[in-house]
file input00.txt (compact mmCIF, C-alpha atoms)
# COMPACT_ATOMS: atom_id res chain seq x y z
CA MET A 963 111.05 105.60 90.68
CA SER A 964 113.43 103.35 88.83
CA LEU A 965 114.87 100.23 90.40
CA GLN A 966 117.58 97.86 89.18
CA ALA A 967 116.82 94.22 88.55
CA THR A 968 118.13 91.78 91.15
CA THR A 969 121.37 90.12 90.09
CA SER A 970 121.25 86.53 88.85
CA GLN A 971 123.00 83.69 90.71
CA THR A 972 123.62 80.08 89.79
CA VAL A 973 121.05 77.38 90.53
CA GLY A 974 123.95 75.36 91.96
CA PRO A 975 123.99 71.56 92.11
CA PHE A 976 120.96 71.07 94.37
CA PHE A 977 118.17 72.79 92.42
CA LYS A 978 116.19 69.55 92.20
CA LEU A 979 115.11 70.14 95.79
CA GLY A 980 113.19 73.30 95.04
CA LEU A 981 112.30 72.83 91.40
CA HIS A 982 111.33 69.16 91.05
CA TRP A 983 107.67 69.66 91.92
CA LEU A 984 107.01 71.30 88.53
CA ASN A 985 108.97 68.75 86.46
CA GLN A 986 107.00 67.25 83.63
CA GLU A 987 108.09 64.99 80.80
CA ASN A 988 104.83 65.49 78.92
CA LEU A 989 103.76 69.10 78.34
CA ALA A 990 100.59 68.16 76.46
CA GLY A 991 98.14 65.88 78.21
CA GLU A 992 95.57 63.74 76.47
CA GLY A 993 93.11 65.82 74.50
CA VAL A 994 95.53 68.62 73.63
CA ALA A 995 95.30 69.01 69.86
CA GLY A 996 98.39 68.99 67.69
CA GLU A 997 101.17 66.90 66.26
CA ARG A 998 102.81 65.05 69.12
CA VAL A 999 106.60 65.18 69.17
CA THR A 1000 109.22 63.88 71.56
CA ILE A 1001 112.48 65.79 71.78
CA GLN A 1002 115.52 64.19 73.30
CA GLY A 1003 119.17 65.01 73.56
CA ARG A 1004 122.11 65.62 75.80
CA VAL A 1005 123.76 68.57 77.50
CA LEU A 1006 127.53 68.54 76.89
CA ASP A 1007 130.25 70.66 78.50
CA GLY A 1008 133.46 72.04 77.00
CA ASP A 1009 135.14 68.63 77.21
CA GLY A 1010 132.20 66.93 75.53
CA VAL A 1011 131.28 65.38 78.87
CA PRO A 1012 127.55 65.02 79.62
CA VAL A 1013 126.37 67.50 82.26
CA PRO A 1014 124.57 65.60 85.03
CA ASP A 1015 123.08 68.64 86.77
CA ALA A 1016 121.28 70.79 84.20
CA ILE A 1017 117.62 71.63 83.86
CA LEU A 1018 115.74 72.93 80.83
CA GLU A 1019 112.59 75.02 80.80
CA ILE A 1020 110.40 75.10 77.72
CA TRP A 1021 107.96 77.81 76.67
CA GLN A 1022 105.80 77.44 73.59
CA ALA A 1023 102.59 78.33 71.79
CA ASN A 1024 99.82 75.82 71.15
CA ALA A 1025 99.17 74.14 67.79
CA GLN A 1026 97.32 77.24 66.59
CA GLY A 1027 100.25 79.53 67.40
CA LYS A 1028 98.62 81.05 70.49
CA TYR A 1029 100.41 81.57 73.81
CA ALA A 1030 98.47 80.96 77.02
CA HIS A 1031 99.29 84.44 78.28
CA PRO A 1032 97.35 87.72 78.47
CA ALA A 1033 99.88 89.55 76.27
CA ASP A 1034 98.89 87.31 73.35
CA THR A 1035 95.86 89.12 71.96
CA GLN A 1036 95.68 87.16 68.70
CA ASN A 1037 92.23 86.01 67.73
CA LYS A 1038 93.14 82.33 67.98
CA PRO A 1039 91.74 79.63 70.27
CA LEU A 1040 93.47 78.60 73.49
CA ALA A 1041 93.94 74.88 74.05
CA PRO A 1042 92.23 73.93 77.31
CA SER A 1043 94.66 72.59 79.91
CA PHE A 1044 97.71 73.40 77.78
CA LEU A 1045 100.01 75.78 79.65
CA GLY A 1046 102.86 75.64 77.13
CA TYR A 1047 105.42 75.30 79.89
CA GLY A 1048 107.69 72.42 80.79
CA ARG A 1049 110.50 71.88 83.27
CA VAL A 1050 112.78 69.04 82.23
CA PRO A 1051 115.86 67.97 84.22
CA VAL A 1052 118.63 65.90 82.70
CA THR A 1053 119.42 62.42 83.99
CA PRO A 1054 122.73 61.71 85.76
CA HIS A 1055 123.97 60.85 82.25
CA GLY A 1056 123.14 64.31 80.93
CA VAL A 1057 120.15 63.13 78.88
CA PHE A 1058 116.80 64.91 78.66
CA ARG A 1059 113.59 63.85 76.96
CA PHE A 1060 110.16 65.45 76.79
CA THR A 1061 106.98 65.15 74.77
CA THR A 1062 104.83 68.02 73.59
CA ILE A 1063 102.86 69.21 70.58
CA LYS A 1064 104.48 71.07 67.72
CA PRO A 1065 103.55 74.75 68.10
CA GLY A 1066 101.92 76.73 65.32
CA PRO A 1067 103.42 79.86 63.79
CA VAL A 1068 103.46 83.03 65.89
CA PRO A 1069 103.93 86.65 64.77
CA GLY A 1070 107.48 87.80 64.12
CA PRO A 1071 109.14 91.21 64.28
CA ASP A 1072 108.88 91.99 60.58
CA GLY A 1073 105.18 91.42 60.06
CA THR A 1074 105.62 87.83 58.92
CA ASN A 1075 105.09 84.72 61.01
CA GLN A 1076 107.95 83.04 62.77
CA ALA A 1077 108.61 79.38 62.02
CA PRO A 1078 107.34 77.00 64.71
CA HIS A 1079 109.76 77.04 67.63
CA LEU A 1080 110.14 76.29 71.34
CA LEU A 1081 111.93 78.70 73.66
CA VAL A 1082 114.42 77.09 76.01
CA SER A 1083 116.07 78.34 79.20
CA VAL A 1084 119.07 76.31 80.36
CA PHE A 1085 120.15 76.31 84.01
CA MET A 1086 122.97 74.40 85.68
CA ARG A 1087 125.72 74.57 88.25
CA GLY A 1088 128.45 76.73 86.76
CA LEU A 1089 126.06 79.02 84.92
CA LEU A 1090 125.71 82.30 86.77
CA ARG A 1091 122.68 83.15 84.69
CA ARG A 1092 120.51 81.10 82.39
CA LEU A 1093 121.22 80.47 78.72
CA ILE A 1094 118.45 81.20 76.23
CA THR A 1095 118.02 79.27 73.00
CA ARG A 1096 115.33 77.96 70.65
CA ILE A 1097 114.35 74.64 69.10
CA TYR A 1098 113.13 74.66 65.49
CA PHE A 1099 111.95 71.67 63.44
CA SER A 1100 114.05 70.25 60.59
CA ASP A 1101 111.22 69.56 58.15
CA GLU A 1102 109.67 73.02 58.39
CA PRO A 1103 109.78 75.07 55.15
CA ALA A 1104 109.12 78.27 57.13
CA ASN A 1105 112.60 78.03 58.68
CA ALA A 1106 114.09 79.54 55.51
CA SER A 1107 112.31 82.85 56.09
CA ASP A 1108 112.35 82.90 59.90
CA TYR A 1109 113.51 86.31 61.15
CA VAL A 1110 115.44 85.03 64.17
CA LEU A 1111 117.10 82.11 62.36
CA ASN A 1112 118.27 84.54 59.71
CA LEU A 1113 120.07 86.61 62.36
CA VAL A 1114 122.31 83.58 62.95
CA GLU A 1115 125.22 82.82 60.64
CA ALA A 1116 124.24 79.96 58.34
CA ALA A 1117 126.95 77.60 59.60
CA ARG A 1118 125.59 77.74 63.17
CA ARG A 1119 121.87 77.51 62.39
CA PRO A 1120 121.82 73.69 62.54
CA THR A 1121 122.46 73.92 66.31
CA LEU A 1122 118.95 75.34 66.69
CA ILE A 1123 117.19 72.68 64.63
CA ALA A 1124 115.86 69.41 66.04
CA ARG A 1125 116.20 66.52 63.58
CA TRP A 1126 113.94 63.52 63.19
CA ARG A 1127 115.52 60.32 64.34
CA GLY A 1128 115.12 57.66 61.70
CA ASP A 1129 115.10 54.87 64.26
CA GLN A 1130 112.32 56.18 66.52
CA PRO A 1131 109.04 57.48 65.03
CA GLY A 1132 107.92 60.82 66.43
CA VAL A 1133 111.27 61.50 68.11
CA LEU A 1134 113.55 64.42 67.31
CA GLU A 1135 117.09 64.94 68.54
CA TRP A 1136 118.44 68.26 69.72
CA ASN A 1137 121.46 68.81 71.94
CA VAL A 1138 122.82 71.59 74.10
CA VAL A 1139 126.54 71.96 73.41
CA LEU A 1140 128.08 74.53 75.75
CA GLN A 1141 131.44 75.06 74.05
CA GLY A 1142 133.46 74.12 70.97
CA PRO A 1143 132.95 74.00 67.21
CA ASP A 1144 129.38 72.75 67.55
CA GLU A 1145 128.49 75.18 70.34
CA THR A 1146 124.76 75.80 70.46
CA VAL A 1147 123.64 79.29 69.48
CA PHE A 1148 122.49 81.16 72.58
CA PHE A 1149 120.50 84.36 72.37
CA ASP A 1150 120.93 87.69 74.05
CA LEU A 1151 117.79 89.40 75.31
CA GLY A 1152 119.77 91.99 77.21
CA LEU A 1153 120.03 89.48 80.08
CA MET B 1259 102.05 94.00 63.41
CA LYS B 1260 103.21 96.65 65.87
CA PRO B 1261 106.74 96.33 67.24
CA VAL B 1262 106.81 94.54 70.58
CA ALA B 1263 108.02 96.47 73.64
CA GLY B 1264 110.94 94.66 75.22
CA TYR B 1265 112.42 94.67 78.71
CA ARG B 1266 114.95 97.09 80.10
CA GLU B 1267 118.67 96.48 79.70
CA PRO B 1268 120.58 95.79 82.92
CA TYR B 1269 122.80 98.60 84.14
CA PRO B 1270 126.41 97.62 83.29
CA GLY B 1271 127.99 95.34 85.88
CA THR B 1272 124.77 94.54 87.71
CA GLN B 1273 124.46 91.08 86.16
CA PRO B 1274 127.20 88.43 86.05
CA ASN B 1275 129.01 87.35 82.91
CA HIS B 1276 128.69 83.68 82.05
CA LEU B 1277 132.42 83.09 82.51
CA HIS B 1278 133.79 83.87 85.96
CA PRO B 1279 137.02 81.83 86.34
CA ALA B 1280 137.12 82.20 90.14
CA TYR B 1281 133.94 80.11 90.07
CA ALA B 1282 135.61 76.99 88.66
CA SER B 1283 132.46 75.30 87.38
CA SER B 1284 131.88 78.13 84.91
CA ILE B 1285 135.10 77.40 82.97
CA LYS B 1286 133.84 74.36 81.03
CA ARG B 1287 130.22 75.48 80.94
CA ALA B 1288 130.17 79.13 79.95
CA PRO B 1289 129.59 79.60 76.21
CA THR B 1290 132.64 80.86 74.28
CA LYS B 1291 130.97 82.27 71.18
CA PRO B 1292 129.15 85.60 71.18
CA GLN B 1293 125.47 85.38 71.93
CA VAL B 1294 123.16 86.47 69.15
CA ARG B 1295 121.12 89.55 69.92
CA ILE B 1296 117.50 89.12 68.88
CA PRO B 1297 114.54 91.50 68.96
CA TYR B 1298 111.68 90.90 71.35
CA THR B 1299 108.79 89.01 69.81
CA LEU B 1300 105.55 87.68 71.22
CA SER B 1301 107.50 84.57 72.25
CA GLU B 1302 109.71 86.43 74.73
CA VAL B 1303 107.12 88.81 76.21
CA THR B 1304 104.78 85.96 77.11
CA GLY B 1305 105.59 83.22 79.61
CA PRO B 1306 104.06 80.67 81.94
CA THR B 1307 101.47 81.94 84.38
CA PHE B 1308 100.51 80.16 87.58
CA GLY B 1309 97.44 80.65 89.71
CA PRO B 1310 97.30 80.57 93.51
CA GLU B 1311 95.60 77.17 93.30
CA ILE B 1312 98.87 75.39 92.54
CA VAL B 1313 100.37 76.39 95.89
CA GLN B 1314 99.37 74.71 99.14
CA PRO B 1315 99.64 76.88 102.25
CA LYS B 1316 102.04 74.45 103.94
CA ALA B 1317 104.46 74.89 101.04
CA SER B 1318 105.50 78.28 102.41
CA ASP B 1319 106.18 76.99 105.95
CA LEU B 1320 109.26 74.79 105.74
CA THR B 1321 109.07 74.08 109.48
CA ARG B 1322 105.68 72.34 109.19
CA GLN B 1323 106.29 69.84 106.41
CA HIS B 1324 107.01 66.91 108.74
CA HIS B 1325 105.69 65.53 112.02
CA GLY B 1326 108.42 67.09 114.12
CA GLU B 1327 110.05 70.48 114.15
CA PRO B 1328 113.34 70.93 112.30
CA LEU B 1329 116.47 71.74 114.28
CA GLY B 1330 117.95 75.20 114.03
CA GLU B 1331 116.89 78.79 114.33
CA ARG B 1332 113.38 79.49 113.03
CA ILE B 1333 113.26 82.58 110.78
CA ILE B 1334 110.74 84.44 108.68
CA VAL B 1335 111.87 85.46 105.20
CA SER B 1336 109.58 87.87 103.43
CA GLY B 1337 109.65 90.67 100.92
CA ARG B 1338 108.07 92.14 97.86
CA VAL B 1339 108.46 91.31 94.20
CA LEU B 1340 108.51 94.48 92.11
CA ASP B 1341 109.56 95.35 88.59
CA GLU B 1342 112.13 98.02 87.70
CA ASN B 1343 109.29 100.47 87.26
CA SER B 1344 108.41 99.96 90.97
CA ARG B 1345 105.22 98.11 90.07
CA PRO B 1346 104.28 95.31 92.50
CA LEU B 1347 104.02 91.95 90.77
CA ALA B 1348 100.98 90.03 92.02
CA ASN B 1349 100.36 86.29 91.55
CA MET B 1350 104.00 85.51 90.92
CA LEU B 1351 105.37 82.11 91.84
CA VAL B 1352 108.37 82.22 94.20
CA GLU B 1353 110.28 78.97 94.76
CA ILE B 1354 113.04 78.46 97.34
CA TRP B 1355 115.46 75.73 98.39
CA GLN B 1356 118.22 75.64 100.97
CA ALA B 1357 120.51 73.60 103.24
CA ASN B 1358 119.42 72.61 106.73
CA ALA B 1359 120.77 74.21 109.91
CA ALA B 1360 123.87 72.00 109.75
CA GLY B 1361 124.71 73.07 106.21
CA ARG B 1362 123.50 69.88 104.51
CA TYR B 1363 121.08 69.67 101.58
CA CYS B 1364 118.52 66.91 101.50
CA HIS B 1365 119.91 65.82 98.13
CA GLU B 1366 121.75 62.62 97.14
CA VAL B 1367 124.63 64.56 95.56
CA ASP B 1368 125.43 66.42 98.79
CA GLN B 1369 128.06 64.34 100.61
CA HIS B 1370 129.03 66.96 103.19
CA ASP B 1371 129.73 65.25 106.52
CA ALA B 1372 126.94 67.01 108.42
CA PRO B 1373 123.68 65.46 109.62
CA LEU B 1374 120.47 65.38 107.63
CA ASP B 1375 117.38 66.51 109.53
CA PRO B 1376 114.42 64.13 109.14
CA ASN B 1377 112.09 67.05 109.83
CA PHE B 1378 113.48 69.38 107.19
CA SER B 1379 113.28 68.97 103.42
CA GLY B 1380 114.51 72.46 102.62
CA PHE B 1381 112.21 73.57 99.83
CA GLY B 1382 109.00 75.52 99.42
CA HIS B 1383 107.03 77.87 97.23
CA ALA B 1384 104.53 80.69 97.49
CA ILE B 1385 102.52 83.05 95.32
CA THR B 1386 102.78 86.82 95.76
CA ASP B 1387 99.70 88.70 96.93
CA ALA B 1388 98.14 91.79 95.33
CA GLU B 1389 100.97 93.99 96.68
CA GLY B 1390 103.65 91.60 95.44
CA ARG B 1391 104.38 90.26 98.94
CA TYR B 1392 105.62 86.77 99.74
CA ARG B 1393 106.44 85.16 103.08
CA PHE B 1394 108.23 81.98 104.11
CA VAL B 1395 108.80 80.45 107.53
CA THR B 1396 111.96 78.36 107.55
CA ILE B 1397 115.14 77.79 109.54
CA ARG B 1398 118.39 79.63 109.08
CA PRO B 1399 120.57 77.55 106.71
CA GLY B 1400 124.09 76.60 107.76
CA GLU B 1401 127.29 77.46 105.94
CA TYR B 1402 128.99 74.55 104.21
CA PRO B 1403 132.29 73.66 102.52
CA TRP B 1404 132.66 73.08 98.78
CA ARG B 1405 135.49 72.09 96.45
CA ASN B 1406 135.89 75.26 94.38
CA HIS B 1407 139.27 76.08 95.97
CA TYR B 1408 141.23 75.23 99.10
CA ASN B 1409 139.15 75.74 102.26
CA ALA B 1410 136.22 77.10 100.29
CA TRP B 1411 132.98 77.71 102.22
CA ARG B 1412 129.66 79.01 100.97
CA PRO B 1413 128.05 81.70 103.10
CA ALA B 1414 124.58 80.86 104.39
CA HIS B 1415 122.10 81.38 101.57
CA ILE B 1416 118.64 80.54 100.28
CA HIS B 1417 118.07 79.91 96.57
CA PHE B 1418 115.18 81.81 94.96
CA SER B 1419 113.49 81.13 91.61
CA LEU B 1420 110.95 83.49 90.00
CA PHE B 1421 109.25 83.62 86.62
CA GLY B 1422 107.81 87.11 86.54
CA PRO B 1423 105.32 88.10 83.87
CA ALA B 1424 107.24 86.89 80.79
CA PHE B 1425 109.89 84.50 79.49
CA ALA B 1426 112.23 87.53 79.50
CA THR B 1427 111.86 88.13 83.25
CA ARG B 1428 112.88 84.69 84.54
CA LEU B 1429 115.29 85.00 87.48
CA VAL B 1430 117.16 82.54 89.68
CA THR B 1431 119.19 84.06 92.48
CA GLN B 1432 120.44 83.55 96.04
CA MET B 1433 119.67 85.44 99.23
CA TYR B 1434 122.37 85.95 101.87
CA PHE B 1435 122.30 86.99 105.53
CA PRO B 1436 123.60 90.26 106.98
CA GLY B 1437 126.89 90.05 108.87
CA ASP B 1438 127.97 86.71 107.40
CA PRO B 1439 131.79 86.79 107.47
CA LEU B 1440 132.05 84.43 104.49
CA ILE B 1441 130.31 86.72 102.01
CA PRO B 1442 133.38 88.75 100.89
CA PHE B 1443 135.23 85.51 100.07
CA ASP B 1444 132.50 83.81 98.06
CA PRO B 1445 133.23 83.63 94.31
CA ILE B 1446 129.56 83.14 93.48
CA PHE B 1447 128.52 86.25 95.41
CA ASN B 1448 131.45 88.16 93.89
CA CYS B 1449 130.64 87.24 90.30
CA THR B 1450 128.58 90.41 90.00
CA ALA B 1451 130.97 93.29 89.37
CA ASP B 1452 128.76 96.08 90.71
CA GLU B 1453 129.18 96.21 94.49
CA LYS B 1454 125.80 97.79 95.19
CA ALA B 1455 124.05 95.23 92.99
CA ARG B 1456 125.62 92.25 94.74
CA ASN B 1457 125.04 93.76 98.17
CA ARG B 1458 121.33 93.83 97.37
CA LEU B 1459 121.48 90.02 97.55
CA ILE B 1460 122.03 90.38 101.31
CA SER B 1461 118.74 90.36 103.18
CA VAL B 1462 117.96 92.94 105.85
CA PHE B 1463 117.15 92.10 109.44
CA ASP B 1464 113.57 93.28 109.89
CA TRP B 1465 111.88 94.18 113.19
CA GLU B 1466 108.57 94.62 111.36
CA THR B 1467 108.29 90.91 110.58
CA THR B 1468 110.14 89.61 113.65
CA MET B 1469 107.62 87.76 115.85
CA PRO B 1470 108.02 88.14 119.63
CA MET B 1471 109.11 84.94 121.38
CA HIS B 1472 109.01 83.12 118.03
CA ALA B 1473 111.28 84.04 115.10
CA LEU B 1474 113.56 86.71 113.63
CA GLY B 1475 112.48 88.31 110.39
CA TYR B 1476 114.62 88.95 107.31
CA ARG B 1477 113.43 91.05 104.39
CA PHE B 1478 114.49 90.33 100.82
CA ASP B 1479 112.87 92.37 98.07
CA ILE B 1480 113.30 91.07 94.53
CA ILE B 1481 113.27 93.29 91.46
CA LEU B 1482 112.45 91.77 88.08
CA ARG B 1483 113.15 93.46 84.75
CA GLY B 1484 110.74 96.21 83.82
CA ARG B 1485 109.04 96.62 80.49
CA GLU B 1486 110.22 99.31 78.11
CA ALA B 1487 107.66 101.86 77.06
CA THR B 1488 105.52 100.62 74.19
CA PRO B 1489 107.08 101.69 70.87
CA MET B 1490 105.25 104.51 69.15
CA GLU B 1491 103.21 103.66 66.12
CA ASP B 1492 104.17 105.41 62.90
call {"tool": "encode", "arguments": {"input": "input00.txt", "output": "structure tokens"}}
result
Amino acid sequence: MSLQATTSQTVGPFFKLGLHWLNQENLAGEGVAGERVTIQGRVLDGDGVPVPDAILEIWQANAQGKYAHPADTQNKPLAPSFLGYGRVPVTPHGVFRFTTIKPGPVPGPDGTNQAPHLLVSVFMRGLLRRLITRIYFSDEPANASDYVLNLVEAARRPTLIARWRGDQPGVLEWNVVLQGPDETVFFDLGL
Amino acid sequence: MKPVAGYREPYPGTQPNHLHPAYASSIKRAPTKPQVRIPYTLSEVTGPTFGPEIVQPKASDLTRQHHGEPLGERIIVSGRVLDENSRPLANMLVEIWQANAAGRYCHEVDQHDAPLDPNFSGFGHAITDAEGRYRFVTIRPGEYPWRNHYNAWRPAHIHFSLFGPAFATRLVTQMYFPGDPLIPFDPIFNCTADEKARNRLISVFDWETTMPMHALGYRFDIILRGREATPMED
């Protein structure tokens, strides 16, 4: 028998109540191997105003490019105690910040590896369903041949790329811009 | 590398668009540029997995999280989590949050002039069993006003959050109660064009789970996207 997926509804303004218990600013505890990076930025609405009630969820592979999930059958080591998941709310000023390890390359759809990337779900009041996007790394040569990045028109690709901040070692900046000329590229997975 | 099987497309109208002007908050937050269609890769067909050990039993009984009992009508909300292929989804995290019986959230942003209940926090979580079943004991949430339009009121509802087996199956939704007169006027409920799809957000009164002399039962089954058949190899 075939069923239809339940319809999505907004998280509303009070999601912190139910979702806060899984918040974590550091996805990779001590002992998790890999290059440690901190990603920070803001969520901005169509007026450029910071969104005070958004929450991001991160999904990523470990430093070897292995996902902690049974569907990843690659012969690569798992990182003990690294789930690859993070739930990161914004502050009342619309700012988010989290620390993790840079993921390794994972297989892409055309037989080549994808460039290192984080998957991001964005939830907030006003969004009837989540937005899906990705974070890539600005100093990564593999970006040039990444299958997904190359599906995006060149002028909009920078919205998917976190850039090293010169003033803070180990910190990259990446923003979620909901509307306007610098609108972040969001992906369609059929939902 | 074999092509990766994706997840089924929603039937047209069964999922909301991002922009729904009657829901005023969507106007400055819904993206305006077309979303970029991408193929499924290993990144989207994997996702966080949680074991039963992260959930404490008291987390699914919202009436037992404080010393005293919360005010309001005790209810039992239960159901099954299935995929579109009718397969029960075991070991799936289900998170809920809601207003108290007076229609007030235990949240600093909620300024509605209704009392907080010191014995009710209004959130919980559970893990589905081998048949995909979950069960919460809580109190029936109150309706409450909001500022979307003149004399706007949200119908009573409970927020649900589920991950499912992959990044692609993540779902956040809201459960409503049968017979609530506010439902037809709610722009959030109405954002889904397909009438049958939105009506499935209304729980069903359930004698099977109603406990004599204790609490009414409401059933709310949740369907997550089903996997497409694995692509054939050449």
call {"tool": "closest_atom_pairs", "arguments": {"input": "input00.txt", "of": "range 989-1025 of chain A", "to": "range 1129-1134 of chain A", "cutoff": "8 Å", "atoms": "only C-alpha atoms", "output": "CSV"}}
result
residue,atom,partner,partner_atom,distance
A:Arg998,CA,A:Gly1132,CA,7.2
A:Val999,CA,A:Gly1132,CA,5.3
A:Thr1000,CA,A:Val1133,CA,4.7
A:Ile1001,CA,A:Leu1134,CA,4.8
A:Gln1002,CA,A:Leu1134,CA,6.3
call {"tool": "residues_around", "arguments": {"input": "input00.txt", "residues": "range 1342-1358 of chain B", "least_positions_apart": "6", "cutoff": "8 Å", "atoms": "all atoms listed in the file", "output": "JSON, numbers by chain"}}
result
{"A": [963, 964, 965, 966, 967, 977, 979, 980, 981], "B": [1307, 1308, 1309, 1310, 1330, 1364, 1374, 1375, 1378, 1379, 1380, 1381, 1382, 1383, 1384, 1385, 1386, 1387, 1388, 1389, 1390, 1391, 1392, 1397, 1398, 1399, 1400, 1415, 1416, 1417, 1418, 1419, 1420, 1421, 1422, 1423, 1481, 1482, 1483, 1484, 1485]}
call {"tool": "residues_around", "arguments": {"input": "input00.txt", "residues": "Pro1445 in chain B", "least_positions_apart": "4", "cutoff": "7 Å", "atoms": "only C-alpha atoms", "output": "PDB file with C-alpha atoms, keeping the file's coordinate frame"}}
result
ATOM      1  CA  ALA B1280     137.120  82.200  90.140  1.00  0.00           C
ATOM      2  CA  TYR B1281     133.940  80.110  90.070  1.00  0.00           C
ATOM      3  CA  CYS B1449     130.640  87.240  90.300  1.00  0.00           C
TER       4      CYS B1449
END
call {"tool": "atom_distance", "arguments": {"input": "input00.txt", "atom1": "CA of Ser1318 in chain B", "atom2": "CA of Arg1393 in chain B"}}
result
7.0 Å
call {"tool": "interface_residues", "arguments": {"input": "input00.txt", "of": "chain B", "to": "chain A", "cutoff": "7 Å", "atoms": "all atoms listed in the file", "output": "PyMOL selection string"}}
result
chain B and resi 1259+1261+1267-1268+1272-1274+1276+1283-1284+1286-1290+1293-1296+1299-1300+1304-1307+1342-1344+1353-1355+1365+1381-1382+1429-1432+1455-1456+1480-1483
call {"tool": "write_last_selection", "arguments": {"input": "input00.txt", "atoms": "C-alpha atoms", "output": "PDB file, keeping the file's coordinate frame"}}
result
ATOM      1  CA  MET B1259     102.050  94.000  63.410  1.00  0.00           C
ATOM      2  CA  PRO B1261     106.740  96.330  67.240  1.00  0.00           C
ATOM      3  CA  GLU B1267     118.670  96.480  79.700  1.00  0.00           C
ATOM      4  CA  PRO B1268     120.580  95.790  82.920  1.00  0.00           C
ATOM      5  CA  THR B1272     124.770  94.540  87.710  1.00  0.00           C
ATOM      6  CA  GLN B1273     124.460  91.080  86.160  1.00  0.00           C
ATOM      7  CA  PRO B1274     127.200  88.430  86.050  1.00  0.00           C
ATOM      8  CA  HIS B1276     128.690  83.680  82.050  1.00  0.00           C
ATOM      9  CA  SER B1283     132.460  75.300  87.380  1.00  0.00           C
ATOM     10  CA  SER B1284     131.880  78.130  84.910  1.00  0.00           C
ATOM     11  CA  LYS B1286     133.840  74.360  81.030  1.00  0.00           C
ATOM     12  CA  ARG B1287     130.220  75.480  80.940  1.00  0.00           C
ATOM     13  CA  ALA B1288     130.170  79.130  79.950  1.00  0.00           C
ATOM     14  CA  PRO B1289     129.590  79.600  76.210  1.00  0.00           C
ATOM     15  CA  THR B1290     132.640  80.860  74.280  1.00  0.00           C
ATOM     16  CA  GLN B1293     125.470  85.380  71.930  1.00  0.00           C
ATOM     17  CA  VAL B1294     123.160  86.470  69.150  1.00  0.00           C
ATOM     18  CA  ARG B1295     121.120  89.550  69.920  1.00  0.00           C
ATOM     19  CA  ILE B1296     117.500  89.120  68.880  1.00  0.00           C
ATOM     20  CA  THR B1299     108.790  89.010  69.810  1.00  0.00           C
ATOM     21  CA  LEU B1300     105.550  87.680  71.220  1.00  0.00           C
ATOM     22  CA  THR B1304     104.780  85.960  77.110  1.00  0.00           C
ATOM     23  CA  GLY B1305     105.590  83.220  79.610  1.00  0.00           C
ATOM     24  CA  PRO B1306     104.060  80.670  81.940  1.00  0.00           C
ATOM     25  CA  THR B1307     101.470  81.940  84.380  1.00  0.00           C
ATOM     26  CA  GLU B1342     112.130  98.020  87.700  1.00  0.00           C
ATOM     27  CA  ASN B1343     109.290 100.470  87.260  1.00  0.00           C
ATOM     28  CA  SER B1344     108.410  99.960  90.970  1.00  0.00           C
ATOM     29  CA  GLU B1353     110.280  78.970  94.760  1.00  0.00           C
ATOM     30  CA  ILE B1354     113.040  78.460  97.340  1.00  0.00           C
ATOM     31  CA  TRP B1355     115.460  75.730  98.390  1.00  0.00           C
ATOM     32  CA  HIS B1365     119.910  65.820  98.130  1.00  0.00           C
ATOM     33  CA  PHE B1381     112.210  73.570  99.830  1.00  0.00           C
ATOM     34  CA  GLY B1382     109.000  75.520  99.420  1.00  0.00           C
ATOM     35  CA  LEU B1429     115.290  85.000  87.480  1.00  0.00           C
ATOM     36  CA  VAL B1430     117.160  82.540  89.680  1.00  0.00           C
ATOM     37  CA  THR B1431     119.190  84.060  92.480  1.00  0.00           C
ATOM     38  CA  GLN B1432     120.440  83.550  96.040  1.00  0.00           C
ATOM     39  CA  ALA B1455     124.050  95.230  92.990  1.00  0.00           C
ATOM     40  CA  ARG B1456     125.620  92.250  94.740  1.00  0.00           C
ATOM     41  CA  ILE B1480     113.300  91.070  94.530  1.00  0.00           C
ATOM     42  CA  ILE B1481     113.270  93.290  91.460  1.00  0.00           C
ATOM     43  CA  LEU B1482     112.450  91.770  88.080  1.00  0.00           C
ATOM     44  CA  ARG B1483     113.150  93.460  84.750  1.00  0.00           C
TER      45      ARG B1483
END
call {"tool": "atom_distance", "arguments": {"input": "input00.txt", "atom1": "CA of Asp1101 in chain A", "atom2": "CA of Ala1117 in chain A"}}
result
17.7 Å
call {"tool": "atom_distance", "arguments": {"input": "input00.txt", "atom1": "CA of Met1471 in chain B", "atom2": "CA of Arg1362 in chain B"}}
result
26.8 Å
call {"tool": "residues_near_point", "arguments": {"input": "input00.txt", "point": "(110.3, 64.6, 79.1)", "cutoff": "6 Å", "atoms": "only C-alpha atoms", "output": "number ranges by chain"}}
result
A: 987-988, 1050, 1059-1061
call {"tool": "write_last_selection", "arguments": {"input": "input00.txt", "atoms": "C-alpha atoms", "output": "compact mmCIF listing (two decimals), in the frame of the given file"}}
result
# COMPACT_ATOMS: atom_id res chain seq x y z
CA GLU A 987 108.09 64.99 80.80
CA ASN A 988 104.83 65.49 78.92
CA VAL A 1050 112.78 69.04 82.23
CA ARG A 1059 113.59 63.85 76.96
CA PHE A 1060 110.16 65.45 76.79
CA THR A 1061 106.98 65.15 74.77
